[in-house]
$ cat protein.cif   # mmCIF, N, CA and C atoms
data_coords
loop_
_atom_site.label_atom_id
_atom_site.label_comp_id
_atom_site.auth_asym_id
_atom_site.auth_seq_id
_atom_site.Cartn_x
_atom_site.Cartn_y
_atom_site.Cartn_z
N MET W 1 43.24 71.57 187.24
CA MET W 1 42.85 71.37 188.61
C MET W 1 42.75 69.87 188.88
N ASN W 2 43.26 69.45 189.98
CA ASN W 2 43.10 68.05 190.39
C ASN W 2 41.81 67.93 191.18
N LEU W 3 41.14 66.79 191.03
CA LEU W 3 39.86 66.56 191.66
C LEU W 3 39.91 65.21 192.35
N THR W 4 39.42 65.14 193.57
CA THR W 4 39.38 63.88 194.31
C THR W 4 37.94 63.42 194.41
N LEU W 5 37.70 62.17 194.05
CA LEU W 5 36.35 61.60 194.11
C LEU W 5 36.35 60.35 194.97
N SER W 6 35.24 60.06 195.59
CA SER W 6 35.07 58.80 196.30
C SER W 6 34.16 57.92 195.46
N VAL W 7 34.71 56.81 194.98
CA VAL W 7 33.97 55.90 194.13
C VAL W 7 34.25 54.47 194.58
N ASP W 8 33.25 53.64 194.54
CA ASP W 8 33.38 52.24 194.92
C ASP W 8 34.47 51.56 194.08
N ASP W 9 35.31 50.75 194.72
CA ASP W 9 36.41 50.08 194.03
C ASP W 9 35.95 49.25 192.84
N ASP W 10 34.84 48.54 192.99
CA ASP W 10 34.33 47.71 191.89
C ASP W 10 33.92 48.57 190.69
N VAL W 11 33.33 49.72 190.97
CA VAL W 11 32.91 50.62 189.90
C VAL W 11 34.14 51.14 189.15
N VAL W 12 35.17 51.51 189.89
CA VAL W 12 36.39 52.01 189.25
C VAL W 12 37.04 50.92 188.41
N ARG W 13 37.10 49.72 188.94
CA ARG W 13 37.70 48.59 188.20
C ARG W 13 36.98 48.36 186.87
N GLU W 14 35.66 48.30 186.92
CA GLU W 14 34.89 48.06 185.71
C GLU W 14 34.98 49.24 184.75
N ALA W 15 34.97 50.45 185.29
CA ALA W 15 35.10 51.64 184.44
C ALA W 15 36.45 51.66 183.73
N ARG W 16 37.50 51.25 184.43
CA ARG W 16 38.82 51.19 183.80
C ARG W 16 38.84 50.15 182.67
N ARG W 17 38.18 49.03 182.90
CA ARG W 17 38.10 48.00 181.84
C ARG W 17 37.38 48.56 180.61
N GLN W 18 36.27 49.25 180.86
CA GLN W 18 35.51 49.82 179.75
C GLN W 18 36.34 50.88 179.02
N ALA W 19 37.04 51.71 179.78
CA ALA W 19 37.87 52.74 179.16
C ALA W 19 38.95 52.10 178.29
N GLU W 20 39.54 51.02 178.79
CA GLU W 20 40.56 50.32 178.00
C GLU W 20 39.97 49.77 176.71
N ARG W 21 38.78 49.22 176.80
CA ARG W 21 38.11 48.70 175.59
C ARG W 21 37.86 49.81 174.58
N LEU W 22 37.65 51.01 175.10
CA LEU W 22 37.40 52.17 174.23
C LEU W 22 38.69 52.82 173.76
N GLY W 23 39.82 52.29 174.21
CA GLY W 23 41.11 52.85 173.82
C GLY W 23 41.40 54.17 174.51
N SER W 24 40.90 54.32 175.72
CA SER W 24 41.06 55.56 176.46
C SER W 24 41.45 55.23 177.90
N SER W 25 41.58 56.27 178.70
CA SER W 25 41.82 56.08 180.13
C SER W 25 40.59 56.55 180.88
N LEU W 26 40.45 56.07 182.09
CA LEU W 26 39.33 56.50 182.92
C LEU W 26 39.43 58.00 183.16
N ASN W 27 40.63 58.49 183.38
CA ASN W 27 40.85 59.92 183.59
C ASN W 27 40.33 60.72 182.39
N GLN W 28 40.65 60.28 181.18
CA GLN W 28 40.22 60.99 179.98
C GLN W 28 38.70 60.95 179.82
N LEU W 29 38.10 59.81 180.12
CA LEU W 29 36.64 59.71 180.00
C LEU W 29 35.95 60.64 180.99
N VAL W 30 36.46 60.71 182.21
CA VAL W 30 35.87 61.62 183.21
C VAL W 30 36.05 63.07 182.77
N ARG W 31 37.24 63.41 182.28
CA ARG W 31 37.52 64.76 181.81
C ARG W 31 36.56 65.12 180.66
N ASP W 32 36.38 64.19 179.71
CA ASP W 32 35.47 64.43 178.58
C ASP W 32 34.04 64.65 179.07
N TYR W 33 33.62 63.81 180.03
CA TYR W 33 32.26 63.94 180.55
C TYR W 33 32.06 65.30 181.21
N LEU W 34 33.03 65.72 182.01
CA LEU W 34 32.90 67.01 182.69
C LEU W 34 32.88 68.17 181.70
N GLU W 35 33.66 68.06 180.64
CA GLU W 35 33.64 69.10 179.60
C GLU W 35 32.27 69.16 178.93
N GLN W 36 31.70 67.99 178.65
CA GLN W 36 30.36 67.96 178.04
C GLN W 36 29.33 68.55 179.00
N LEU W 37 29.44 68.18 180.26
CA LEU W 37 28.51 68.66 181.27
C LEU W 37 28.59 70.18 181.40
N ALA W 38 29.79 70.72 181.26
CA ALA W 38 29.99 72.17 181.36
C ALA W 38 29.70 72.88 180.04
N GLY W 39 29.31 72.13 179.02
CA GLY W 39 29.00 72.72 177.73
C GLY W 39 30.22 73.12 176.93
N ARG W 40 31.32 72.45 177.18
CA ARG W 40 32.57 72.79 176.50
C ARG W 40 33.06 71.71 175.56
N SER W 41 32.19 70.85 175.12
CA SER W 41 32.64 69.78 174.23
C SER W 41 32.92 70.37 172.85
N ASP W 42 33.82 69.74 172.15
CA ASP W 42 34.23 70.18 170.81
C ASP W 42 33.61 69.22 169.80
N PRO W 43 32.61 69.66 169.03
CA PRO W 43 31.92 68.77 168.09
C PRO W 43 32.88 68.08 167.11
N GLU W 44 33.89 68.80 166.66
CA GLU W 44 34.84 68.19 165.72
C GLU W 44 35.62 67.07 166.39
N ARG W 45 36.08 67.31 167.59
CA ARG W 45 36.81 66.28 168.33
C ARG W 45 35.89 65.10 168.66
N ASP W 46 34.63 65.41 169.00
CA ASP W 46 33.67 64.35 169.28
C ASP W 46 33.45 63.48 168.04
N ALA W 47 33.37 64.11 166.87
CA ALA W 47 33.19 63.35 165.63
C ALA W 47 34.40 62.49 165.34
N GLU W 48 35.59 63.03 165.58
CA GLU W 48 36.82 62.24 165.38
C GLU W 48 36.86 61.05 166.33
N GLU W 49 36.45 61.26 167.57
CA GLU W 49 36.42 60.16 168.55
C GLU W 49 35.40 59.11 168.12
N PHE W 50 34.25 59.55 167.62
CA PHE W 50 33.23 58.61 167.15
C PHE W 50 33.78 57.76 166.00
N GLU W 51 34.46 58.40 165.07
CA GLU W 51 35.05 57.67 163.94
C GLU W 51 36.08 56.66 164.43
N ARG W 52 36.93 57.08 165.37
CA ARG W 52 37.97 56.19 165.91
C ARG W 52 37.34 54.97 166.57
N LEU W 53 36.32 55.21 167.39
CA LEU W 53 35.65 54.09 168.07
C LEU W 53 34.91 53.20 167.08
N SER W 54 34.36 53.80 166.03
CA SER W 54 33.65 53.02 165.02
C SER W 54 34.61 52.07 164.29
N ARG W 55 35.81 52.55 164.02
CA ARG W 55 36.80 51.70 163.35
C ARG W 55 37.26 50.56 164.26
N GLN W 56 37.26 50.79 165.57
CA GLN W 56 37.69 49.75 166.51
C GLN W 56 36.62 48.68 166.71
N ALA W 57 35.37 49.04 166.52
CA ALA W 57 34.27 48.12 166.78
C ALA W 57 34.34 46.93 165.83
N ARG W 58 34.08 45.78 166.37
CA ARG W 58 34.10 44.57 165.55
C ARG W 58 32.83 44.41 164.74
N GLY W 59 31.73 44.90 165.25
CA GLY W 59 30.47 44.85 164.51
C GLY W 59 29.94 43.45 164.29
N ASP W 60 30.23 42.53 165.20
CA ASP W 60 29.77 41.15 165.05
C ASP W 60 28.63 40.89 166.02
N SER W 61 27.43 40.77 165.50
CA SER W 61 26.27 40.53 166.36
C SER W 61 26.09 39.05 166.66
N GLY W 62 26.93 38.21 166.08
CA GLY W 62 26.81 36.77 166.30
C GLY W 62 25.52 36.20 165.76
N GLY W 63 24.96 36.88 164.76
CA GLY W 63 23.72 36.41 164.16
C GLY W 63 22.46 36.96 164.80
N TRP W 64 22.61 37.69 165.92
CA TRP W 64 21.45 38.26 166.59
C TRP W 64 20.81 39.31 165.72
N LYS W 65 19.49 39.31 165.68
CA LYS W 65 18.75 40.29 164.89
C LYS W 65 17.78 41.04 165.79
N PHE W 66 17.50 42.29 165.42
CA PHE W 66 16.55 43.07 166.19
C PHE W 66 15.17 42.43 166.13
N ASP W 67 14.50 42.44 167.24
CA ASP W 67 13.13 41.97 167.35
C ASP W 67 12.30 43.15 167.85
N ARG W 68 11.43 43.66 167.01
CA ARG W 68 10.67 44.86 167.34
C ARG W 68 9.96 44.75 168.69
N ASP W 69 9.33 43.63 168.96
CA ASP W 69 8.61 43.47 170.22
C ASP W 69 9.58 43.50 171.41
N GLU W 70 10.71 42.86 171.25
CA GLU W 70 11.70 42.83 172.33
C GLU W 70 12.25 44.24 172.62
N ILE W 71 12.47 45.02 171.58
CA ILE W 71 12.99 46.37 171.75
C ILE W 71 12.02 47.23 172.54
N HIS W 72 10.73 47.06 172.30
CA HIS W 72 9.72 47.89 172.96
C HIS W 72 9.21 47.29 174.27
N GLU W 73 9.70 46.14 174.63
CA GLU W 73 9.26 45.49 175.86
C GLU W 73 9.72 46.30 177.07
N ARG W 74 8.81 46.54 178.01
CA ARG W 74 9.15 47.27 179.24
C ARG W 74 9.72 46.28 180.24
N ARG W 75 10.82 46.66 180.84
CA ARG W 75 11.44 45.76 181.82
C ARG W 75 11.45 46.37 183.18
#
$ encode --input "protein.cif" --output "structure tokens"
Amino acid sequence: MNLTLSVDDDVVREARRQAERLGSSLNQLVRDYLEQLAGRSDPERDAEEFERLSRQARGDSGGWKFDRDEIHERR
């Protein structure tokens, strides 16, 4: 089924950038989200996607370390 949505242009632009960084398309991310929302996600496929994204991650914190107080700070 095709679905038409009204979304702000800036939101779509940034979402497409994020999808590209994740190695996916905005269409695929929306489809995945709707499947999860409908309770139709596939745990095995989700695990494979997690592994794929984990391998893509650079994992460079630039020396930043967790600060317990900062993590619990209310903003």
$ atom_distance --input "protein.cif" --atom1 "atom C of Glu14 (chain W)" --atom2 "atom N of Ser61 (chain W)"
22.3 Å
$ select_by_dssp --input "protein.cif" --residues "chain W" --states "helix (DSSP H, G or I)" --output "number ranges by chain"
W: 9-21, 26-37, 43-56, 68-72
$ atom_distance --input "protein.cif" --atom1 "CA of Gln18 (chain W)" --atom2 "CA of Arg68 (chain W)"
28.2 Å
$ atom_distance --input "protein.cif" --atom1 "CA of Asp42 (chain W)" --atom2 "atom N of Leu22 (chain W)"
19.9 Å
$ resolve_selection --input "protein.cif" --expression "the PyMOL selection byres (((chain W and resi 30-40 and name CA) around 12) and name CA)" --output "PyMOL selection string"
chain W and resi 1-5+12+15-16+19+24-29+41-46+49
$ write_last_selection --input "protein.cif" --atoms "N, CA and C atoms" --output "mmCIF file, in the frame of the given file"
data_model
loop_
_atom_site.group_PDB
_atom_site.id
_atom_site.type_symbol
_atom_site.label_atom_id
_atom_site.label_comp_id
_atom_site.auth_asym_id
_atom_site.auth_seq_id
_atom_site.Cartn_x
_atom_site.Cartn_y
_atom_site.Cartn_z
ATOM 1 N N MET W 1 43.240 71.570 187.240
ATOM 2 C CA MET W 1 42.850 71.370 188.610
ATOM 3 C C MET W 1 42.750 69.870 188.880
ATOM 4 N N ASN W 2 43.260 69.450 189.980
ATOM 5 C CA ASN W 2 43.100 68.050 190.390
ATOM 6 C C ASN W 2 41.810 67.930 191.180
ATOM 7 N N LEU W 3 41.140 66.790 191.030
ATOM 8 C CA LEU W 3 39.860 66.560 191.660
ATOM 9 C C LEU W 3 39.910 65.210 192.350
ATOM 10 N N THR W 4 39.420 65.140 193.570
ATOM 11 C CA THR W 4 39.380 63.880 194.310
ATOM 12 C C THR W 4 37.940 63.420 194.410
ATOM 13 N N LEU W 5 37.700 62.170 194.050
ATOM 14 C CA LEU W 5 36.350 61.600 194.110
ATOM 15 C C LEU W 5 36.350 60.350 194.970
ATOM 16 N N VAL W 12 35.170 51.510 189.890
ATOM 17 C CA VAL W 12 36.390 52.010 189.250
ATOM 18 C C VAL W 12 37.040 50.920 188.410
ATOM 19 N N ALA W 15 34.970 50.450 185.290
ATOM 20 C CA ALA W 15 35.100 51.640 184.440
ATOM 21 C C ALA W 15 36.450 51.660 183.730
ATOM 22 N N ARG W 16 37.500 51.250 184.430
ATOM 23 C CA ARG W 16 38.820 51.190 183.800
ATOM 24 C C ARG W 16 38.840 50.150 182.670
ATOM 25 N N ALA W 19 37.040 51.710 179.780
ATOM 26 C CA ALA W 19 37.870 52.740 179.160
ATOM 27 C C ALA W 19 38.950 52.100 178.290
ATOM 28 N N SER W 24 40.900 54.320 175.720
ATOM 29 C CA SER W 24 41.060 55.560 176.460
ATOM 30 C C SER W 24 41.450 55.230 177.900
ATOM 31 N N SER W 25 41.580 56.270 178.700
ATOM 32 C CA SER W 25 41.820 56.080 180.130
ATOM 33 C C SER W 25 40.590 56.550 180.880
ATOM 34 N N LEU W 26 40.450 56.070 182.090
ATOM 35 C CA LEU W 26 39.330 56.500 182.920
ATOM 36 C C LEU W 26 39.430 58.000 183.160
ATOM 37 N N ASN W 27 40.630 58.490 183.380
ATOM 38 C CA ASN W 27 40.850 59.920 183.590
ATOM 39 C C ASN W 27 40.330 60.720 182.390
ATOM 40 N N GLN W 28 40.650 60.280 181.180
ATOM 41 C CA GLN W 28 40.220 60.990 179.980
ATOM 42 C C GLN W 28 38.700 60.950 179.820
ATOM 43 N N LEU W 29 38.100 59.810 180.120
ATOM 44 C CA LEU W 29 36.640 59.710 180.000
ATOM 45 C C LEU W 29 35.950 60.640 180.990
ATOM 46 N N SER W 41 32.190 70.850 175.120
ATOM 47 C CA SER W 41 32.640 69.780 174.230
ATOM 48 C C SER W 41 32.920 70.370 172.850
ATOM 49 N N ASP W 42 33.820 69.740 172.150
ATOM 50 C CA ASP W 42 34.230 70.180 170.810
ATOM 51 C C ASP W 42 33.610 69.220 169.800
ATOM 52 N N PRO W 43 32.610 69.660 169.030
ATOM 53 C CA PRO W 43 31.920 68.770 168.090
ATOM 54 C C PRO W 43 32.880 68.080 167.110
ATOM 55 N N GLU W 44 33.890 68.800 166.660
ATOM 56 C CA GLU W 44 34.840 68.190 165.720
ATOM 57 C C GLU W 44 35.620 67.070 166.390
ATOM 58 N N ARG W 45 36.080 67.310 167.590
ATOM 59 C CA ARG W 45 36.810 66.280 168.330
ATOM 60 C C ARG W 45 35.890 65.100 168.660
ATOM 61 N N ASP W 46 34.630 65.410 169.000
ATOM 62 C CA ASP W 46 33.670 64.350 169.280
ATOM 63 C C ASP W 46 33.450 63.480 168.040
ATOM 64 N N GLU W 49 36.450 61.260 167.570
ATOM 65 C CA GLU W 49 36.420 60.160 168.550
ATOM 66 C C GLU W 49 35.400 59.110 168.120
#
$ axis_aligned_box --input "protein.cif" --around "region 62-71 of chain W" --padding-each-side "6 Å" --output "AutoDock Vina command-line options"
--center_x 17.8 --center_y 41.7 --center_z 168.4 --size_x 30.3 --size_y 23.0 --size_z 20.5
$ decode --input "protein.cif" --residues "region 13-33 of chain W" --atoms "C-alpha atoms" --output "mmCIF file, in the first residue's frame"
data_model
loop_
_atom_site.group_PDB
_atom_site.id
_atom_site.type_symbol
_atom_site.label_atom_id
_atom_site.label_comp_id
_atom_site.auth_asym_id
_atom_site.auth_seq_id
_atom_site.Cartn_x
_atom_site.Cartn_y
_atom_site.Cartn_z
ATOM 1 C CA ARG W 13 15.851 16.497 4.679
ATOM 2 C CA GLU W 14 17.414 15.724 8.045
ATOM 3 C CA ALA W 15 15.703 12.335 8.255
ATOM 4 C CA ARG W 16 17.112 11.426 4.835
ATOM 5 C CA ARG W 17 20.596 12.415 6.007
ATOM 6 C CA GLN W 18 20.221 10.252 9.091
ATOM 7 C CA ALA W 19 18.915 7.335 7.027
ATOM 8 C CA GLU W 20 21.913 7.649 4.710
ATOM 9 C CA ARG W 21 24.268 7.603 7.695
ATOM 10 C CA LEU W 22 22.545 4.411 8.807
ATOM 11 C CA GLY W 23 22.972 2.885 5.361
ATOM 12 C CA SER W 24 19.239 2.862 4.736
ATOM 13 C CA SER W 25 16.545 4.880 3.025
ATOM 14 C CA LEU W 26 13.941 7.043 4.676
ATOM 15 C CA ASN W 27 11.291 4.834 3.093
ATOM 16 C CA GLN W 28 12.814 1.724 4.690
ATOM 17 C CA LEU W 29 13.098 3.363 8.106
ATOM 18 C CA VAL W 30 9.442 4.431 8.010
ATOM 19 C CA ARG W 31 8.393 0.944 6.864
ATOM 20 C CA ASP W 32 10.427 -0.640 9.700
ATOM 21 C CA TYR W 33 8.912 1.733 12.245
#
